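Structure file query_37.cif (mmCIF, C-alpha atoms, pLDDT in the B column; chains and numbers go by the auth columns) is printed below.
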```cif
data_structure
loop_
_atom_site.group_PDB
_atom_site.id
_atom_site.type_symbol
_atom_site.label_atom_id
_atom_site.label_comp_id
_atom_site.label_asym_id
_atom_site.label_seq_id
_atom_site.Cartn_x
_atom_site.Cartn_y
_atom_site.Cartn_z
_atom_site.B_iso_or_equiv
_atom_site.auth_seq_id
_atom_site.auth_asym_id
ATOM 1 C CA MET A 1 0.000 0.000 0.000 89.00 296 A
ATOM 2 C CA GLU A 2 2.878 2.383 0.733 89.00 297 A
ATOM 3 C CA SER A 3 4.301 1.805 -2.742 92.00 298 A
ATOM 4 C CA PHE A 4 0.814 2.246 -4.272 94.00 299 A
ATOM 5 C CA ARG A 5 0.335 5.553 -2.447 92.00 300 A
ATOM 6 C CA THR A 6 3.789 6.798 -3.475 92.00 301 A
ATOM 7 C CA ARG A 7 3.543 5.866 -7.149 94.00 302 A
ATOM 8 C CA ILE A 8 -0.170 6.439 -7.832 95.00 303 A
ATOM 9 C CA ALA A 9 -0.812 9.302 -5.355 93.00 304 A
ATOM 10 C CA PRO A 10 -4.535 8.677 -4.781 94.00 305 A
ATOM 11 C CA ARG A 11 -6.675 11.569 -3.554 93.00 306 A
ATOM 12 C CA LYS A 12 -9.949 11.387 -1.655 92.00 307 A
ATOM 13 C CA GLU A 13 -11.833 12.854 -4.612 95.00 308 A
ATOM 14 C CA ASP A 14 -10.436 10.273 -7.090 96.00 309 A
ATOM 15 C CA ARG A 15 -12.721 7.561 -8.444 97.00 310 A
ATOM 16 C CA LEU A 16 -11.013 4.203 -7.917 97.00 311 A
ATOM 17 C CA LEU A 17 -12.190 0.912 -9.428 98.00 312 A
ATOM 18 C CA ASP A 18 -10.964 -2.247 -7.689 97.00 313 A
ATOM 19 C CA VAL A 19 -11.487 -5.222 -9.983 98.00 314 A
ATOM 20 C CA GLY A 20 -11.946 -8.238 -7.720 95.00 315 A
ATOM 21 C CA GLY A 21 -11.598 -6.287 -4.474 92.00 316 A
ATOM 22 C CA THR A 22 -13.375 -6.566 -1.142 91.00 317 A
ATOM 23 C CA PRO A 23 -14.701 -4.047 1.386 90.00 318 A
ATOM 24 C CA GLU A 24 -12.545 -5.669 4.076 88.00 319 A
ATOM 25 C CA TYR A 25 -9.346 -4.836 2.189 89.00 320 A
ATOM 26 C CA TRP A 26 -10.165 -1.140 1.882 91.00 321 A
ATOM 27 C CA ARG A 27 -11.517 -0.804 5.421 87.00 322 A
ATOM 28 C CA ALA A 28 -8.020 -1.614 6.665 83.00 323 A
ATOM 29 C CA HIS A 29 -6.751 1.643 5.111 79.00 324 A
ATOM 30 C CA ASP A 30 -7.728 5.273 5.495 75.00 325 A
ATOM 31 C CA LYS A 31 -10.257 6.428 2.921 79.00 326 A
ATOM 32 C CA ILE A 32 -8.001 7.174 -0.029 88.00 327 A
ATOM 33 C CA ALA A 33 -10.597 7.581 -2.802 92.00 328 A
ATOM 34 C CA GLN A 34 -14.209 6.962 -3.827 94.00 329 A
ATOM 35 C CA ILE A 35 -14.073 3.207 -4.306 95.00 330 A
ATOM 36 C CA THR A 36 -16.107 1.000 -6.634 96.00 331 A
ATOM 37 C CA LEU A 37 -15.702 -2.762 -6.232 96.00 332 A
ATOM 38 C CA LEU A 38 -16.356 -4.953 -9.269 96.00 333 A
ATOM 39 C CA ASN A 39 -16.798 -8.695 -8.846 95.00 334 A
ATOM 40 C CA ARG A 40 -18.596 -11.481 -10.653 90.00 335 A
ATOM 41 C CA PHE A 41 -21.012 -11.570 -7.734 80.00 336 A
ATOM 42 C CA SER A 42 -20.878 -8.290 -5.850 65.00 337 A
ATOM 43 C CA ALA A 43 -23.402 -8.834 -3.059 55.00 338 A
ATOM 44 C CA GLY A 44 -21.384 -7.465 -0.179 57.00 339 A
ATOM 45 C CA PRO A 45 -21.852 -8.020 3.529 55.00 340 A
ATOM 46 C CA ALA A 46 -24.161 -5.796 5.536 51.00 341 A
ATOM 47 C CA GLY A 47 -22.611 -2.424 6.222 52.00 342 A
ATOM 48 C CA ALA A 48 -20.621 -2.300 2.980 55.00 343 A
ATOM 49 C CA SER A 49 -22.560 0.742 1.774 69.00 344 A
ATOM 50 C CA GLU A 50 -19.498 3.018 1.865 81.00 345 A
ATOM 51 C CA PHE A 51 -18.442 1.276 -1.370 89.00 346 A
ATOM 52 C CA GLU A 52 -20.283 1.081 -4.654 92.00 347 A
ATOM 53 C CA GLN A 53 -20.467 -2.605 -5.583 93.00 348 A
ATOM 54 C CA VAL A 54 -21.024 -3.741 -9.161 94.00 349 A
ATOM 55 C CA ASP A 55 -21.512 -7.167 -10.746 94.00 350 A
ATOM 56 C CA GLY A 56 -19.341 -7.572 -13.791 95.00 351 A
ATOM 57 C CA ASP A 57 -16.600 -9.312 -15.714 96.00 352 A
ATOM 58 C CA GLY A 58 -13.111 -7.792 -15.622 97.00 353 A
ATOM 59 C CA CYS A 59 -12.729 -8.796 -19.279 98.00 354 A
ATOM 60 C CA ALA A 60 -15.760 -6.686 -20.335 97.00 355 A
ATOM 61 C CA LEU A 61 -16.032 -3.752 -17.938 97.00 356 A
ATOM 62 C CA PRO A 62 -19.407 -1.949 -17.939 97.00 357 A
ATOM 63 C CA PHE A 63 -17.877 1.549 -17.846 98.00 358 A
ATOM 64 C CA GLN A 64 -17.016 4.293 -20.313 98.00 359 A
ATOM 65 C CA ASP A 65 -13.476 5.021 -21.472 98.00 360 A
ATOM 66 C CA GLY A 66 -11.528 6.866 -18.773 97.00 361 A
ATOM 67 C CA ALA A 67 -14.370 6.521 -16.250 98.00 362 A
ATOM 68 C CA PHE A 68 -11.959 6.078 -13.329 98.00 363 A
ATOM 69 C CA ASP A 69 -8.961 8.030 -12.124 98.00 364 A
ATOM 70 C CA ILE A 70 -7.427 4.769 -10.857 98.00 365 A
ATOM 71 C CA VAL A 71 -7.949 1.086 -11.604 98.00 366 A
ATOM 72 C CA PHE A 72 -6.545 -1.260 -8.958 98.00 367 A
ATOM 73 C CA SER A 73 -6.475 -5.047 -9.072 98.00 368 A
ATOM 74 C CA ASN A 74 -4.638 -7.444 -6.794 97.00 369 A
ATOM 75 C CA SER A 75 -4.064 -11.048 -7.907 96.00 370 A
ATOM 76 C CA VAL A 76 -7.030 -11.259 -10.280 97.00 371 A
ATOM 77 C CA ILE A 77 -5.723 -11.290 -13.864 98.00 372 A
ATOM 78 C CA GLU A 78 -4.191 -14.742 -13.370 98.00 373 A
ATOM 79 C CA HIS A 79 -7.694 -16.065 -12.528 97.00 374 A
ATOM 80 C CA VAL A 80 -9.504 -15.145 -15.748 97.00 375 A
ATOM 81 C CA GLY A 81 -8.435 -18.277 -17.628 95.00 376 A
ATOM 82 C CA THR A 82 -6.863 -18.148 -21.062 97.00 377 A
ATOM 83 C CA TRP A 83 -4.256 -15.816 -22.530 97.00 378 A
ATOM 84 C CA SER A 84 -6.937 -14.227 -24.735 98.00 379 A
ATOM 85 C CA ARG A 85 -9.059 -13.422 -21.655 98.00 380 A
ATOM 86 C CA GLN A 86 -5.991 -11.980 -19.916 98.00 381 A
ATOM 87 C CA GLN A 87 -5.470 -9.769 -22.969 98.00 382 A
ATOM 88 C CA ALA A 88 -9.120 -8.657 -22.767 98.00 383 A
ATOM 89 C CA PHE A 89 -8.753 -7.916 -19.027 98.00 384 A
ATOM 90 C CA ALA A 90 -5.633 -5.818 -19.625 98.00 385 A
ATOM 91 C CA LYS A 91 -7.265 -3.926 -22.503 98.00 386 A
ATOM 92 C CA GLU A 92 -10.335 -3.162 -20.385 98.00 387 A
ATOM 93 C CA VAL A 93 -8.507 -1.874 -17.294 98.00 388 A
ATOM 94 C CA ARG A 94 -6.265 0.238 -19.525 98.00 389 A
ATOM 95 C CA ARG A 95 -9.364 1.606 -21.282 98.00 390 A
ATOM 96 C CA VAL A 96 -11.349 2.661 -18.204 98.00 391 A
ATOM 97 C CA GLY A 97 -8.504 3.844 -15.951 97.00 392 A
ATOM 98 C CA ARG A 98 -6.145 6.807 -16.224 97.00 393 A
ATOM 99 C CA ARG A 99 -3.763 5.435 -13.585 97.00 394 A
ATOM 100 C CA LEU A 100 -3.225 1.702 -13.067 98.00 395 A
ATOM 101 C CA TRP A 101 -1.991 -0.646 -10.346 98.00 396 A
ATOM 102 C CA ILE A 102 -2.455 -4.236 -11.569 98.00 397 A
ATOM 103 C CA GLN A 103 -0.657 -6.880 -9.490 98.00 398 A
ATOM 104 C CA THR A 104 -0.210 -10.598 -10.238 98.00 399 A
ATOM 105 C CA PRO A 105 2.028 -13.417 -8.971 98.00 400 A
ATOM 106 C CA ALA A 106 5.089 -14.117 -11.123 97.00 401 A
ATOM 107 C CA ARG A 107 5.140 -17.408 -13.029 96.00 402 A
ATOM 108 C CA GLU A 108 8.915 -17.385 -12.600 96.00 403 A
ATOM 109 C CA PHE A 109 8.663 -17.588 -8.785 96.00 404 A
ATOM 110 C CA PHE A 110 9.404 -21.139 -7.639 94.00 405 A
ATOM 111 C CA ILE A 111 6.368 -21.393 -5.327 93.00 406 A
ATOM 112 C CA GLU A 112 2.899 -21.629 -6.874 94.00 407 A
ATOM 113 C CA PRO A 113 1.052 -19.191 -4.559 94.00 408 A
ATOM 114 C CA HIS A 114 -2.452 -20.668 -4.813 93.00 409 A
ATOM 115 C CA LEU A 115 -1.335 -24.207 -4.057 92.00 410 A
ATOM 116 C CA ILE A 116 1.609 -23.324 -1.790 91.00 411 A
ATOM 117 C CA ALA A 117 3.733 -25.853 -3.642 92.00 412 A
ATOM 118 C CA PRO A 118 7.195 -25.572 -5.208 94.00 413 A
ATOM 119 C CA LEU A 119 7.776 -25.920 -8.962 94.00 414 A
ATOM 120 C CA ILE A 120 4.422 -27.577 -9.784 95.00 415 A
ATOM 121 C CA HIS A 121 3.289 -24.751 -12.081 95.00 416 A
ATOM 122 C CA TRP A 122 6.330 -25.307 -14.307 95.00 417 A
ATOM 123 C CA LEU A 123 5.280 -28.881 -15.110 95.00 418 A
ATOM 124 C CA PRO A 124 2.978 -30.028 -17.937 94.00 419 A
ATOM 125 C CA VAL A 125 -0.727 -29.872 -17.068 92.00 420 A
ATOM 126 C CA ARG A 126 -0.950 -33.669 -17.202 92.00 421 A
ATOM 127 C CA ALA A 127 1.579 -33.959 -14.361 94.00 422 A
ATOM 128 C CA GLN A 128 -0.077 -31.157 -12.415 94.00 423 A
ATOM 129 C CA ARG A 129 -3.419 -33.010 -12.416 91.00 424 A
ATOM 130 C CA HIS A 130 -1.911 -35.833 -10.356 89.00 425 A
ATOM 131 C CA LEU A 131 0.437 -33.791 -8.200 94.00 426 A
ATOM 132 C CA ILE A 132 -2.085 -31.158 -7.113 94.00 427 A
ATOM 133 C CA ARG A 133 -4.033 -33.711 -5.077 89.00 428 A
ATOM 134 C CA HIS A 134 -1.035 -35.470 -3.537 88.00 429 A
ATOM 135 C CA TRP A 135 1.786 -32.892 -3.333 90.00 430 A
ATOM 136 C CA THR A 136 0.248 -29.525 -2.507 92.00 431 A
ATOM 137 C CA LEU A 137 -1.056 -27.943 0.666 91.00 432 A
ATOM 138 C CA TRP A 138 -4.490 -27.507 -0.970 90.00 433 A
ATOM 139 C CA GLY A 139 -4.514 -31.176 -1.969 90.00 434 A
ATOM 140 C CA TRP A 140 -3.596 -32.375 1.522 90.00 435 A
ATOM 141 C CA LEU A 141 -6.042 -30.135 3.374 90.00 436 A
ATOM 142 C CA GLU A 142 -9.033 -30.061 1.022 89.00 437 A
ATOM 143 C CA ARG A 143 -8.700 -33.301 -0.965 92.00 438 A
ATOM 144 C CA PRO A 144 -10.119 -31.633 -4.092 93.00 439 A
ATOM 145 C CA SER A 145 -12.140 -33.705 -6.551 93.00 440 A
ATOM 146 C CA ARG A 146 -11.037 -34.189 -10.153 93.00 441 A
ATOM 147 C CA ARG A 147 -13.634 -31.619 -11.160 95.00 442 A
ATOM 148 C CA GLN A 148 -12.195 -29.053 -8.701 94.00 443 A
ATOM 149 C CA ILE A 149 -8.670 -29.713 -9.977 94.00 444 A
ATOM 150 C CA GLU A 150 -9.801 -29.270 -13.603 95.00 445 A
ATOM 151 C CA ALA A 151 -11.607 -26.052 -12.665 95.00 446 A
ATOM 152 C CA PHE A 152 -8.420 -24.752 -11.018 94.00 447 A
ATOM 153 C CA LEU A 153 -6.291 -25.626 -14.044 95.00 448 A
ATOM 154 C CA ASP A 154 -8.817 -23.964 -16.377 94.00 449 A
ATOM 155 C CA GLU A 155 -8.992 -20.810 -14.244 95.00 450 A
ATOM 156 C CA VAL A 156 -5.451 -20.071 -13.070 96.00 451 A
ATOM 157 C CA ARG A 157 -2.762 -19.046 -15.541 97.00 452 A
ATOM 158 C CA LEU A 158 0.309 -17.390 -14.045 97.00 453 A
ATOM 159 C CA ILE A 159 1.967 -14.648 -16.094 98.00 454 A
ATOM 160 C CA THR A 160 5.621 -14.131 -17.033 97.00 455 A
ATOM 161 C CA TYR A 161 7.481 -10.822 -17.074 98.00 456 A
ATOM 162 C CA GLY A 162 7.438 -10.751 -20.894 98.00 457 A
ATOM 163 C CA GLU A 163 3.694 -11.364 -20.925 98.00 458 A
ATOM 164 C CA MET A 164 3.140 -8.526 -18.446 98.00 459 A
ATOM 165 C CA GLN A 165 5.100 -6.228 -20.751 98.00 460 A
ATOM 166 C CA ALA A 166 2.955 -7.339 -23.698 98.00 461 A
ATOM 167 C CA LEU A 167 -0.307 -6.910 -21.736 98.00 462 A
ATOM 168 C CA PHE A 168 0.609 -3.460 -20.402 98.00 463 A
ATOM 169 C CA PRO A 169 2.909 -1.815 -22.987 97.00 464 A
ATOM 170 C CA ASP A 170 2.222 1.685 -21.631 96.00 465 A
ATOM 171 C CA CYS A 171 3.049 0.749 -18.025 97.00 466 A
ATOM 172 C CA PHE A 172 6.139 0.359 -15.904 97.00 467 A
ATOM 173 C CA ILE A 173 6.375 -3.255 -14.681 97.00 468 A
ATOM 174 C CA LEU A 174 7.396 -3.203 -11.041 97.00 469 A
ATOM 175 C CA ARG A 175 8.976 -6.367 -9.606 97.00 470 A
ATOM 176 C CA GLU A 176 7.972 -7.226 -6.031 96.00 471 A
ATOM 177 C CA ARG A 177 10.732 -9.320 -4.451 95.00 472 A
ATOM 178 C CA ILE A 178 11.205 -11.605 -1.494 93.00 473 A
ATOM 179 C CA LEU A 179 14.791 -12.494 -0.534 91.00 474 A
ATOM 180 C CA GLY A 180 15.868 -10.895 -3.811 92.00 475 A
ATOM 181 C CA ILE A 181 13.651 -13.195 -5.924 94.00 476 A
ATOM 182 C CA THR A 182 10.762 -11.735 -7.944 96.00 477 A
ATOM 183 C CA LYS A 183 7.499 -13.069 -6.503 97.00 478 A
ATOM 184 C CA SER A 184 5.029 -10.817 -8.328 97.00 479 A
ATOM 185 C CA TYR A 185 4.642 -8.069 -10.884 98.00 480 A
ATOM 186 C CA VAL A 186 2.710 -4.821 -10.808 98.00 481 A
ATOM 187 C CA ALA A 187 1.772 -2.930 -13.956 98.00 482 A
ATOM 188 C CA VAL A 188 1.990 0.736 -12.937 98.00 483 A
ATOM 189 C CA ARG A 189 0.702 3.646 -14.981 97.00 484 A
ATOM 190 C CA ALA A 190 1.057 6.783 -12.894 92.00 485 A
ATOM 191 C CA ALA A 191 -0.753 9.139 -15.290 68.00 486 A
ATOM 192 C CA GLN A 192 -1.667 9.036 -18.948 53.00 487 A
ATOM 193 C CA SER A 193 -4.547 9.816 -21.213 41.00 488 A
ATOM 194 C CA THR A 194 -6.546 6.776 -22.300 41.00 489 A
ATOM 195 C CA ALA A 195 -7.369 8.392 -25.657 39.00 490 A
ATOM 196 C CA SER A 196 -4.564 6.588 -27.488 38.00 491 A
ATOM 197 C CA ILE A 197 -5.244 3.143 -25.991 39.00 492 A
#
```

Would you mind writing the structure in this file as structure tokens?
Amino acid sequence: MESFRTRIAPRKEDRLLDVGGTPEYWRAHDKIAQITLLNRFSAGPAGASEFEQVDGDGCALPFQDGAFDIVFSNSVIEHVGTWSRQQAFAKEVRRVGRRLWIQTPAREFFIEPHLIAPLIHWLPVRAQRHLIRHWTLWGWLERPSRRQIEAFLDEVRLITYGEMQALFPDCFILRERILGITKSYVAVRAAQSTASI
């Protein structure tokens, strides 16, 4: 959040769209902007009225070009499925937001963050199908069915540094590191007109 505040400089009067965000996340911080939360199913808990909540798909945002001063998204773009849907997501957030902060785990990091398992995401999908159930924290704790494993493999697609550059050509790609190793990327656009996008 400190890096977000420094690089994006949100103001209380800014309109901020959080694609995939929750009221709980923003309640933990001082009011930094007028926040709209977009989720596939937006029905928020009671008392979430300080946020506008909208049902929608991050790959087809129901807003006009440049409708928001800031678009924020934390660990969502890797959940939209295919590369073509990730391209649509990136195009949409770039279209509706003047400033961007789009974070995603790095495919190059040796731990798969959703499964809390080393190296598994680098293996062919066929091998992952077997290993997810028997060699991941999720597999041990939840004992997912074959259908749940297939749904996970269809949904989650981690992104490389080169892909982030291709998805967000008008952004600076910030590397978030742990022990000197890149664990995630953030596409940062501090200010720019959306007219040319």

Practice task
Please evaluate the PyMOL selection byres ((chain A and resi 460-469) around 6) against the displayed coordinates and give the resulting residues as a list in words.
Solution key: Ala385, Gly457, Glu458, Met459, Arg470, Tyr480, Val481, Ala482, Val483 and Arg484 of chain A

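In terms of minimum interatomic distance to A:Leu311, A:Leu395 ranks closest within A:Ala446, A:Ile427, A:Val349, A:Leu395, counting only C-alpha atoms.
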
Practice task
Using atom CA of A:Glu403 and atom CA of A:Ile476 as the two end points, give the distance in Å to one decimal.
Solution key: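 Distance reported for this atom pair: 9.2 Å.
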
Problem - Gap from atom CA of A:Thr455 to atom CA of A:Leu474 - Å, one decimal - result: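 Answer for the atom CA of A:Thr455 to atom CA of A:Leu474 separation: 18.9 Å.
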
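For the set A:Glu308, A:Ser368, A:Trp321, A:Glu407, the residue with the smallest atom-to-atom gap to A:Leu333 is A:Ser368, counting only C-alpha atoms.
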
Once N, CA and C atoms are restored for stretch 450-480 of chain A, what would the output be as a PDB file, keeping the file's coordinate frame?
```pdb
ATOM      1  N   GLU A 450      -8.866 -22.192 -14.713  1.00 95.00           N
ATOM      2  CA  GLU A 450      -8.992 -20.810 -14.244  1.00 95.00           C
ATOM      3  C   GLU A 450      -7.659 -20.104 -14.080  1.00 95.00           C
ATOM      4  N   VAL A 451      -6.684 -20.750 -13.477  1.00 96.00           N
ATOM      5  CA  VAL A 451      -5.451 -20.071 -13.070  1.00 96.00           C
ATOM      6  C   VAL A 451      -4.369 -20.226 -14.136  1.00 96.00           C
ATOM      7  N   ARG A 452      -3.864 -19.087 -14.584  1.00 97.00           N
ATOM      8  CA  ARG A 452      -2.762 -19.046 -15.541  1.00 97.00           C
ATOM      9  C   ARG A 452      -1.804 -17.950 -15.100  1.00 97.00           C
ATOM     10  N   LEU A 453      -0.676 -18.367 -14.513  1.00 97.00           N
ATOM     11  CA  LEU A 453       0.309 -17.390 -14.045  1.00 97.00           C
ATOM     12  C   LEU A 453       0.999 -16.728 -15.231  1.00 97.00           C
ATOM     13  N   ILE A 454       1.463 -15.510 -15.024  1.00 98.00           N
ATOM     14  CA  ILE A 454       1.967 -14.648 -16.094  1.00 98.00           C
ATOM     15  C   ILE A 454       3.461 -14.404 -15.922  1.00 98.00           C
ATOM     16  N   THR A 455       4.183 -14.411 -17.040  1.00 97.00           N
ATOM     17  CA  THR A 455       5.621 -14.131 -17.033  1.00 97.00           C
ATOM     18  C   THR A 455       5.867 -12.620 -17.157  1.00 97.00           C
ATOM     19  N   TYR A 456       7.107 -12.227 -16.937  1.00 98.00           N
ATOM     20  CA  TYR A 456       7.481 -10.822 -17.074  1.00 98.00           C
ATOM     21  C   TYR A 456       7.241 -10.330 -18.515  1.00 98.00           C
ATOM     22  N   GLY A 457       7.647 -11.132 -19.492  1.00 98.00           N
ATOM     23  CA  GLY A 457       7.438 -10.751 -20.894  1.00 98.00           C
ATOM     24  C   GLY A 457       5.966 -10.599 -21.240  1.00 98.00           C
ATOM     25  N   GLU A 458       5.131 -11.472 -20.685  1.00 98.00           N
ATOM     26  CA  GLU A 458       3.694 -11.364 -20.925  1.00 98.00           C
ATOM     27  C   GLU A 458       3.118 -10.103 -20.282  1.00 98.00           C
ATOM     28  N   MET A 459       3.604  -9.771 -19.082  1.00 98.00           N
ATOM     29  CA  MET A 459       3.140  -8.526 -18.446  1.00 98.00           C
ATOM     30  C   MET A 459       3.499  -7.320 -19.307  1.00 98.00           C
ATOM     31  N   GLN A 460       4.703  -7.326 -19.874  1.00 98.00           N
ATOM     32  CA  GLN A 460       5.100  -6.228 -20.751  1.00 98.00           C
ATOM     33  C   GLN A 460       4.192  -6.154 -21.983  1.00 98.00           C
ATOM     34  N   ALA A 461       3.827  -7.315 -22.525  1.00 98.00           N
ATOM     35  CA  ALA A 461       2.955  -7.339 -23.698  1.00 98.00           C
ATOM     36  C   ALA A 461       1.533  -6.884 -23.344  1.00 98.00           C
ATOM     37  N   LEU A 462       1.044  -7.277 -22.162  1.00 98.00           N
ATOM     38  CA  LEU A 462      -0.307  -6.910 -21.736  1.00 98.00           C
ATOM     39  C   LEU A 462      -0.430  -5.421 -21.411  1.00 98.00           C
ATOM     40  N   PHE A 463       0.649  -4.853 -20.870  1.00 98.00           N
ATOM     41  CA  PHE A 463       0.609  -3.460 -20.402  1.00 98.00           C
ATOM     42  C   PHE A 463       1.783  -2.675 -21.005  1.00 98.00           C
ATOM     43  N   PRO A 464       1.770  -2.460 -22.327  1.00 97.00           N
ATOM     44  CA  PRO A 464       2.909  -1.815 -22.987  1.00 97.00           C
ATOM     45  C   PRO A 464       3.127  -0.365 -22.577  1.00 97.00           C
ATOM     46  N   ASP A 465       2.102   0.284 -22.031  1.00 96.00           N
ATOM     47  CA  ASP A 465       2.222   1.685 -21.631  1.00 96.00           C
ATOM     48  C   ASP A 465       2.457   1.832 -20.127  1.00 96.00           C
ATOM     49  N   CYS A 466       2.831   0.737 -19.479  1.00 97.00           N
ATOM     50  CA  CYS A 466       3.049   0.749 -18.025  1.00 97.00           C
ATOM     51  C   CYS A 466       4.482   0.386 -17.676  1.00 97.00           C
ATOM     52  N   PHE A 467       4.894   0.826 -16.504  1.00 97.00           N
ATOM     53  CA  PHE A 467       6.139   0.359 -15.904  1.00 97.00           C
ATOM     54  C   PHE A 467       5.816  -0.936 -15.173  1.00 97.00           C
ATOM     55  N   ILE A 468       6.611  -1.981 -15.372  1.00 97.00           N
ATOM     56  CA  ILE A 468       6.375  -3.255 -14.681  1.00 97.00           C
ATOM     57  C   ILE A 468       7.299  -3.315 -13.468  1.00 97.00           C
ATOM     58  N   LEU A 469       6.688  -3.172 -12.320  1.00 97.00           N
ATOM     59  CA  LEU A 469       7.396  -3.203 -11.041  1.00 97.00           C
ATOM     60  C   LEU A 469       7.548  -4.654 -10.606  1.00 97.00           C
ATOM     61  N   ARG A 470       8.727  -5.014 -10.124  1.00 97.00           N
ATOM     62  CA  ARG A 470       8.976  -6.367  -9.606  1.00 97.00           C
ATOM     63  C   ARG A 470       8.930  -6.316  -8.080  1.00 97.00           C
ATOM     64  N   GLU A 471       8.008  -7.084  -7.490  1.00 96.00           N
ATOM     65  CA  GLU A 471       7.972  -7.226  -6.031  1.00 96.00           C
ATOM     66  C   GLU A 471       8.839  -8.437  -5.686  1.00 96.00           C
ATOM     67  N   ARG A 472       9.763  -8.250  -4.743  1.00 95.00           N
ATOM     68  CA  ARG A 472      10.732  -9.320  -4.451  1.00 95.00           C
ATOM     69  C   ARG A 472      10.647  -9.789  -3.008  1.00 95.00           C
ATOM     70  N   ILE A 473      11.017 -11.041  -2.820  1.00 93.00           N
ATOM     71  CA  ILE A 473      11.205 -11.605  -1.494  1.00 93.00           C
ATOM     72  C   ILE A 473      12.551 -12.314  -1.518  1.00 93.00           C
ATOM     73  N   LEU A 474      13.422 -11.963  -0.583  1.00 91.00           N
ATOM     74  CA  LEU A 474      14.791 -12.494  -0.534  1.00 91.00           C
ATOM     75  C   LEU A 474      15.501 -12.316  -1.873  1.00 91.00           C
ATOM     76  N   GLY A 475      15.220 -11.205  -2.541  1.00 92.00           N
ATOM     77  CA  GLY A 475      15.868 -10.895  -3.811  1.00 92.00           C
ATOM     78  C   GLY A 475      15.265 -11.587  -5.020  1.00 92.00           C
ATOM     79  N   ILE A 476      14.269 -12.444  -4.824  1.00 94.00           N
ATOM     80  CA  ILE A 476      13.651 -13.195  -5.924  1.00 94.00           C
ATOM     81  C   ILE A 476      12.294 -12.566  -6.244  1.00 94.00           C
ATOM     82  N   THR A 477      12.036 -12.335  -7.538  1.00 96.00           N
ATOM     83  CA  THR A 477      10.762 -11.735  -7.944  1.00 96.00           C
ATOM     84  C   THR A 477       9.622 -12.700  -7.652  1.00 96.00           C
ATOM     85  N   LYS A 478       8.663 -12.239  -6.834  1.00 97.00           N
ATOM     86  CA  LYS A 478       7.499 -13.069  -6.503  1.00 97.00           C
ATOM     87  C   LYS A 478       6.237 -12.599  -7.223  1.00 97.00           C
ATOM     88  N   SER A 479       6.210 -11.325  -7.624  1.00 97.00           N
ATOM     89  CA  SER A 479       5.029 -10.817  -8.328  1.00 97.00           C
ATOM     90  C   SER A 479       5.393  -9.579  -9.127  1.00 97.00           C
ATOM     91  N   TYR A 480       4.486  -9.239 -10.039  1.00 98.00           N
ATOM     92  CA  TYR A 480       4.642  -8.069 -10.884  1.00 98.00           C
ATOM     93  C   TYR A 480       3.487  -7.112 -10.647  1.00 98.00           C
TER      94      TYR A 480
END
```
